[in-house]
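A.B. asks: One structure, as structure tokens, below. Some questions next.
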Amino acid sequence: MIEFKNVTKVYESGNKKVTAVNDINFQVEQGEICVFLGPSGCGKTTLLRMVNRLIPITSGGIEVEGKDIHSMDMIKLRRSIGYVIQHNGLFPNMTIEENINVVPKMLGWDQSKMKKRFVDLMDMMGLDAGQFQKRYPYELSGGQQQRIGIARALAADPPVMLMDEPFGALDPVIRDHLQNEFLKIQREMKKTILFVSHDIDEAIKLGDKIAIFDTGKLMQIGTPDEILSTPKNDFVRDFVGDDRTLKRLTLLNVRDLMVLIDGFKKNRLNHDWHGPVISINENLKSALAVLLTAPNGEACVVDDHHRKIGVLHVSDFSLLTEVHPKDISIVR
Amino acid sequence: MTGKKTEQIVKISLYLIVLAILSWAYFTGAFQFIIDNPGDLLYLTGQHLKLVAISAALAIVTAVPLGILITRPKFKKYDWIVMNFANIGQTVPSLAILALVMSYFGLGWQTAIFALWFNSLLPILRNTVAGIENVNPLIIDAGKGMGMTSKQIFFKLEVPNAMYAIMAGIRTSVVINVGTAALAFLIGGGGLGDLIFTGISLYDTGIMLSGAVPVIMLAILLDFLLGRFEKVIIPRGLQRTLEAA
């Protein structure tokens with residue numbers, strides 16, 4: 001768990017004072033991803049970097065795992081927190097294995113333990129340990145480098161991770177792919193993660209909670225659904241965009257909509273279907289896109305084994321009014 | 001690709017120039033002189049190497065630590081003083097330095113070494129500072145964030161990643177030094193300058209070249225050897241820029 005208590009950062013230059021982070025209070029629960037979202041200069045990165053004391057705090061306090069970060073030795077604190085930055089920050093003079101072993105080595109792990117951890121991490125990242133072990137960062141693609149960056153932060157199995165726009169420099173396809181892999185890994189690891197982003201879609205996709213900042217102040221914190229359905233003020237409303245209702249659709253998938261339709265399976269089965277098909281796991285935004293271009297606004301839903309389950313109509317989306325993801329999970 | 005092509009053209013033209021000088025040396029009888037006086041030549045080359053080796057070594061052990069020192073946060077504010085001093089120092093011609101130093105140290109090889117040392121400082125100093133300052137700040141940030149101590153950041157990140165630039169400075173400095181060391185003769189410092197200046201005063205191109213050609217060869221040889229040495233001490237992950245060289 002990470003707790004921010006009246007955290008404030010004031011930069012002084014000459015006689016001018018700039019408040020970069022203004023009296024921030026909130027907490028992030030164990031195992032949650034909290035995305036810090038906001039325009040550049042909103043203080044999100046400053047707040048993140050205060051957690052591992054890369055930036056000294058002006059007033060207030062931060063507790064990580066119940067301990068005040070200022071009561072801990074700075075070097076020990078940093079070694080106990082995973083840190084991933086944009087452009088990965090891999091050390092070009094070290095091999096991939098050396099890069100990943102930086103923190104374990106500083107913590108004094110023995111060779112066999114480091115070796116095993118390296119192989120496990122590479123497995124987790126879907127990279128071949130033998131193939132990459134002796135290679136250098138420049139020999140890897142951007143996506144591979146970023147994976148190594150994440151693996152390196154995970155090396156000593158820290159309970160808390162700080163990630164500063166880790167996917168920001170990647171092209172959209174690779175980014176999407178890495179986000180999915182990252183979520184898959186996080187489901188197993190259950191780390192407490194602070195994740196800086198300026199991309200609302202990324203925040204919706206990855207965040208258990210989203211904290212929106214503007215000019216150093218916390219505008220709103222809540223689940224993606226809360227942020228999208230009930231923006232607290234004009235800034236949040238503007239920031240999430242006019243299409244926030246459409247964005248909310250990404251929080252639900254076809255399976256969720258099916259739950260809301262009475263007798264979906266019985267009444268709507270059609271084995272002779274030749275029109276467009278939608279996977280049951282597709283999010284509702286993509287599903288809507290398919291339905292809007294489909295003849296008669298209809299598409300057939302198929303399950304994981306490509307079996308046809310039933311037909312979905314674009315008008316079914318009217319069932320979603322005032323429905324929140326948490327309601328659906330209750331119905332299910 | 002075009003970069004590689006230009007490099008090839010430059011390399012080939014350099015080889016051609018060296019070849020031209022060699023054939024010039026051959027036709028003016030420089031090689032004959034060398035064959036006739038192998039003992040002299042060996043002795044003078046030895047002297048020359050000694051001048052270069054001692055002055056370059058001294059320059060490395062002063063300029064590298066000094067360069068590192070002025071990139072430390074504590075001394076950062078003084079870096080302009082050191083850099084300006086070194087820059088101005090470099091504008092003084094080698095010959096003038098010899099003349100100036102001579103009046104304090106007198107004649108002899110110590111004076112020559114002092115002047116050569118002074119002349120070798122700037123390229124090493126400048127490259128050391130540039131090398132360390134140009135280490136990607138992101139990797140320093142990553143290192144700090146991961147809990148490296150400042151000592152670890154220095155030895156494991158800053159020095160290895162600045163090594164390429166530092167070595168380039170040393171190489172430049174040594175090659176210049178080999179040429180400048182020929183002037184040592186003028187203050188009784190010995191070296192291959194002996195033959196060069198004797199040749200000049202006797203209007204004997206052959207004798208002049210019998211000193212100049214070994215100087216060129218020494219410069220090329222030392223540059224080559226330092227190039228090999230770079231491959232050993234520069235981390236392999238940073239060597240893709242070296243592959244062409």
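Following the order of the structure tokens, chains are lettered A, B, ..., residues in each are numbered from 1, and ligands are numbered from 1.
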With a cut-off of 7 Å, could you pull out the residues of chain B touching chain A and give me the nearest pair of atoms for each, distance in Å to one decimal, using only C-alpha atoms, ordered by chain and ascending number, as a tab-separated table?

C.D. replies:
residue	atom	partner	partner_atom	distance
B:Leu138	CA	A:Gly89	CA	5.5
B:Ile139	CA	A:Gly89	CA	4.7
B:Ala142	CA	A:Gly89	CA	5.7
B:Gly145	CA	A:Arg78	CA	5.9
B:Met146	CA	A:Arg79	CA	5.4
B:Gly147	CA	A:Arg78	CA	4.6
B:Met148	CA	A:Ile75	CA	6.9
B:Thr149	CA	A:Ile75	CA	6.9
B:Pro160	CA	A:Asn93	CA	6.6
B:Asn161	CA	A:Asn93	CA	6.4
B:Pro235	CA	A:Asn93	CA	5.3
B:Arg236	CA	A:Asn93	CA	6.8
B:Gly237	CA	A:Asn93	CA	4.8
B:Leu238	CA	A:Asn93	CA	6.0

A.B. asks: How about saving the chosen residues, C-alpha atoms kept, as a PDB file, in the first residue's frame?

C.D. replies:
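What follows is the written file out.pdb:
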ATOM      1  CA  LEU B 138      18.134   8.803 -18.489  1.00  0.00           C
ATOM      2  CA  ILE B 139      20.465   5.964 -17.585  1.00  0.00           C
ATOM      3  CA  ALA B 142      17.472   4.847 -13.932  1.00  0.00           C
ATOM      4  CA  GLY B 145      16.068   5.166  -9.094  1.00  0.00           C
ATOM      5  CA  MET B 146      17.209   1.569  -8.818  1.00  0.00           C
ATOM      6  CA  GLY B 147      19.246   2.396  -5.737  1.00  0.00           C
ATOM      7  CA  MET B 148      22.790   2.648  -7.041  1.00  0.00           C
ATOM      8  CA  THR B 149      25.129   4.604  -4.803  1.00  0.00           C
ATOM      9  CA  PRO B 160      32.196   2.971 -18.969  1.00  0.00           C
ATOM     10  CA  ASN B 161      29.801   5.071 -21.017  1.00  0.00           C
ATOM     11  CA  PRO B 235      32.397  -1.955 -23.183  1.00  0.00           C
ATOM     12  CA  ARG B 236      31.244  -4.138 -26.053  1.00  0.00           C
ATOM     13  CA  GLY B 237      27.743  -2.708 -25.924  1.00  0.00           C
ATOM     14  CA  LEU B 238      29.113   0.665 -26.972  1.00  0.00           C
TER      15      LEU B 238
END

A.B. asks: Can you check which residues of stretch 112-217 of chain A DSSP gives as alpha helix (DSSP H) on the backbone and send them as a JSON list (two decimals) with C-alpha atoms, in the first residue's frame?

C.D. replies:
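In the end it all went to out_30.json:
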[["chain", "number", "residue", "atom", "x", "y", "z"],
["A", 112, "SER", "CA", 22.72, -19.39, -9.10],
["A", 113, "LYS", "CA", 19.81, -17.43, -7.66],
["A", 114, "MET", "CA", 20.44, -14.55, -10.08],
["A", 115, "LYS", "CA", 20.74, -16.94, -13.00],
["A", 116, "LYS", "CA", 17.45, -18.62, -12.14],
["A", 117, "ARG", "CA", 15.69, -15.30, -11.67],
["A", 118, "PHE", "CA", 17.00, -14.10, -15.03],
["A", 119, "VAL", "CA", 15.62, -17.15, -16.82],
["A", 120, "ASP", "CA", 12.28, -16.86, -15.01],
["A", 121, "LEU", "CA", 11.93, -13.18, -15.86],
["A", 122, "MET", "CA", 12.81, -13.71, -19.50],
["A", 123, "ASP", "CA", 10.21, -16.48, -19.60],
["A", 124, "MET", "CA", 7.67, -14.15, -18.10],
["A", 129, "ALA", "CA", 16.87, -16.31, -22.06],
["A", 130, "GLY", "CA", 19.69, -18.08, -23.90],
["A", 131, "GLN", "CA", 19.34, -15.95, -26.98],
["A", 132, "PHE", "CA", 19.37, -12.62, -25.17],
["A", 142, "GLY", "CA", 12.22, -0.90, -28.88],
["A", 143, "GLY", "CA", 9.55, -3.30, -27.66],
["A", 144, "GLN", "CA", 12.10, -5.85, -26.52],
["A", 145, "GLN", "CA", 14.10, -3.16, -24.71],
["A", 146, "GLN", "CA", 11.02, -1.99, -22.87],
["A", 147, "ARG", "CA", 10.28, -5.56, -21.80],
["A", 148, "ILE", "CA", 13.79, -5.87, -20.45],
["A", 149, "GLY", "CA", 13.26, -2.54, -18.66],
["A", 150, "ILE", "CA", 10.21, -3.99, -16.93],
["A", 151, "ALA", "CA", 11.96, -7.28, -16.20],
["A", 152, "ARG", "CA", 14.84, -5.37, -14.66],
["A", 153, "ALA", "CA", 12.48, -3.48, -12.36],
["A", 154, "LEU", "CA", 10.88, -6.78, -11.32],
["A", 172, "PRO", "CA", 0.62, 1.90, -31.11],
["A", 173, "VAL", "CA", 0.63, -1.78, -32.13],
["A", 174, "ILE", "CA", 3.57, -2.74, -29.92],
["A", 175, "ARG", "CA", 2.23, -0.56, -27.12],
["A", 176, "ASP", "CA", -1.13, -2.31, -27.18],
["A", 177, "HIS", "CA", 0.58, -5.67, -27.20],
["A", 178, "LEU", "CA", 2.86, -4.81, -24.27],
["A", 179, "GLN", "CA", -0.04, -3.34, -22.29],
["A", 180, "ASN", "CA", -1.90, -6.63, -22.62],
["A", 181, "GLU", "CA", 1.13, -8.65, -21.59],
["A", 182, "PHE", "CA", 1.75, -6.31, -18.70],
["A", 183, "LEU", "CA", -1.83, -6.77, -17.46],
["A", 184, "LYS", "CA", -1.47, -10.53, -17.74],
["A", 185, "ILE", "CA", 1.72, -10.46, -15.68],
["A", 186, "GLN", "CA", 0.22, -8.09, -13.13],
["A", 187, "ARG", "CA", -2.76, -10.42, -12.61],
["A", 188, "GLU", "CA", -0.30, -13.01, -11.30],
["A", 189, "MET", "CA", 2.11, -10.72, -9.49],
["A", 200, "ILE", "CA", -6.56, 8.46, -21.22],
["A", 201, "ASP", "CA", -7.07, 5.24, -23.17],
["A", 202, "GLU", "CA", -4.02, 3.68, -21.57],
["A", 203, "ALA", "CA", -5.25, 4.78, -18.15],
["A", 204, "ILE", "CA", -8.67, 3.23, -18.72],
["A", 205, "LYS", "CA", -7.14, 0.03, -19.93],
["A", 206, "LEU", "CA", -4.53, -0.45, -17.22]]

A.B. asks: Just want the 7 Å neighbourhood of B:Gln90, counted on only C-alpha atoms, with same-chain residues fewer than 2 positions away dropped. Output as a PDB file with C-alpha atoms, in the first residue's frame.

C.D. replies:
ATOM      1  CA  ALA B  86      42.969  24.866 -21.008  1.00  0.00           C
ATOM      2  CA  ASN B  87      41.558  26.531 -24.111  1.00  0.00           C
ATOM      3  CA  ILE B  88      43.801  29.540 -23.781  1.00  0.00           C
ATOM      4  CA  VAL B  92      49.793  29.259 -27.293  1.00  0.00           C
ATOM      5  CA  ASN B 119      50.139  20.564 -25.022  1.00  0.00           C
ATOM      6  CA  LEU B 122      43.387  19.908 -23.677  1.00  0.00           C
TER       7      LEU B 122
END

A.B. asks: How far is it from atom CA of A:Thr230 to atom CA of A:Phe26, in Å with one decimal?

C.D. replies: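 Interatomic distance, atom CA of A:Thr230 to atom CA of A:Phe26: 18.6 Å.
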
A.B. asks: How many Å separate atom CA of A:Val290 from atom CA of A:Ile278?

C.D. replies: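 Result for atom CA of A:Val290 versus atom CA of A:Ile278: 7.7 Å, one decimal.
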
A.B. asks: Show me, as a PyMOL selection string, the residues that have an atom within 12 Å of A:Asp327 when counting only C-alpha atoms, minus same-chain residues fewer than 5 positions from it.

C.D. replies: chain A and resi 225+252+256-257+259-260+320-322+332

A.B. asks: Store the residues picked out above in a file with C-alpha atoms, as a CSV table (one decimal), in the first residue's frame.

C.D. replies:
chain,number,residue,atom,x,y,z
A,225,ASP,CA,-15.8,3.9,-14.6
A,252,LEU,CA,-17.2,-3.9,-20.7
A,256,ASP,CA,-21.3,-8.5,-20.1
A,257,LEU,CA,-23.9,-7.2,-22.6
A,259,VAL,CA,-25.8,-11.0,-19.4
A,260,LEU,CA,-28.2,-8.1,-19.7
A,320,LEU,CA,-26.4,-0.2,-21.2
A,321,THR,CA,-27.9,3.1,-20.0
A,322,GLU,CA,-26.9,3.8,-16.4
A,332,ARG,CA,-23.1,-12.4,-13.1

A.B. asks: So how far away is atom CA of A:Gly168 from atom CA of A:Asn101, in Å?

C.D. replies: 24.4 Å

A.B. asks: Please list as a VMD selection string every residue within 12 Å of stretch 203-206 of chain B, counting only C-alpha atoms and excluding residues in the same chain fewer than 6 positions away.

C.D. replies: chain B and resid 21 to 34 195 to 197 212 to 213
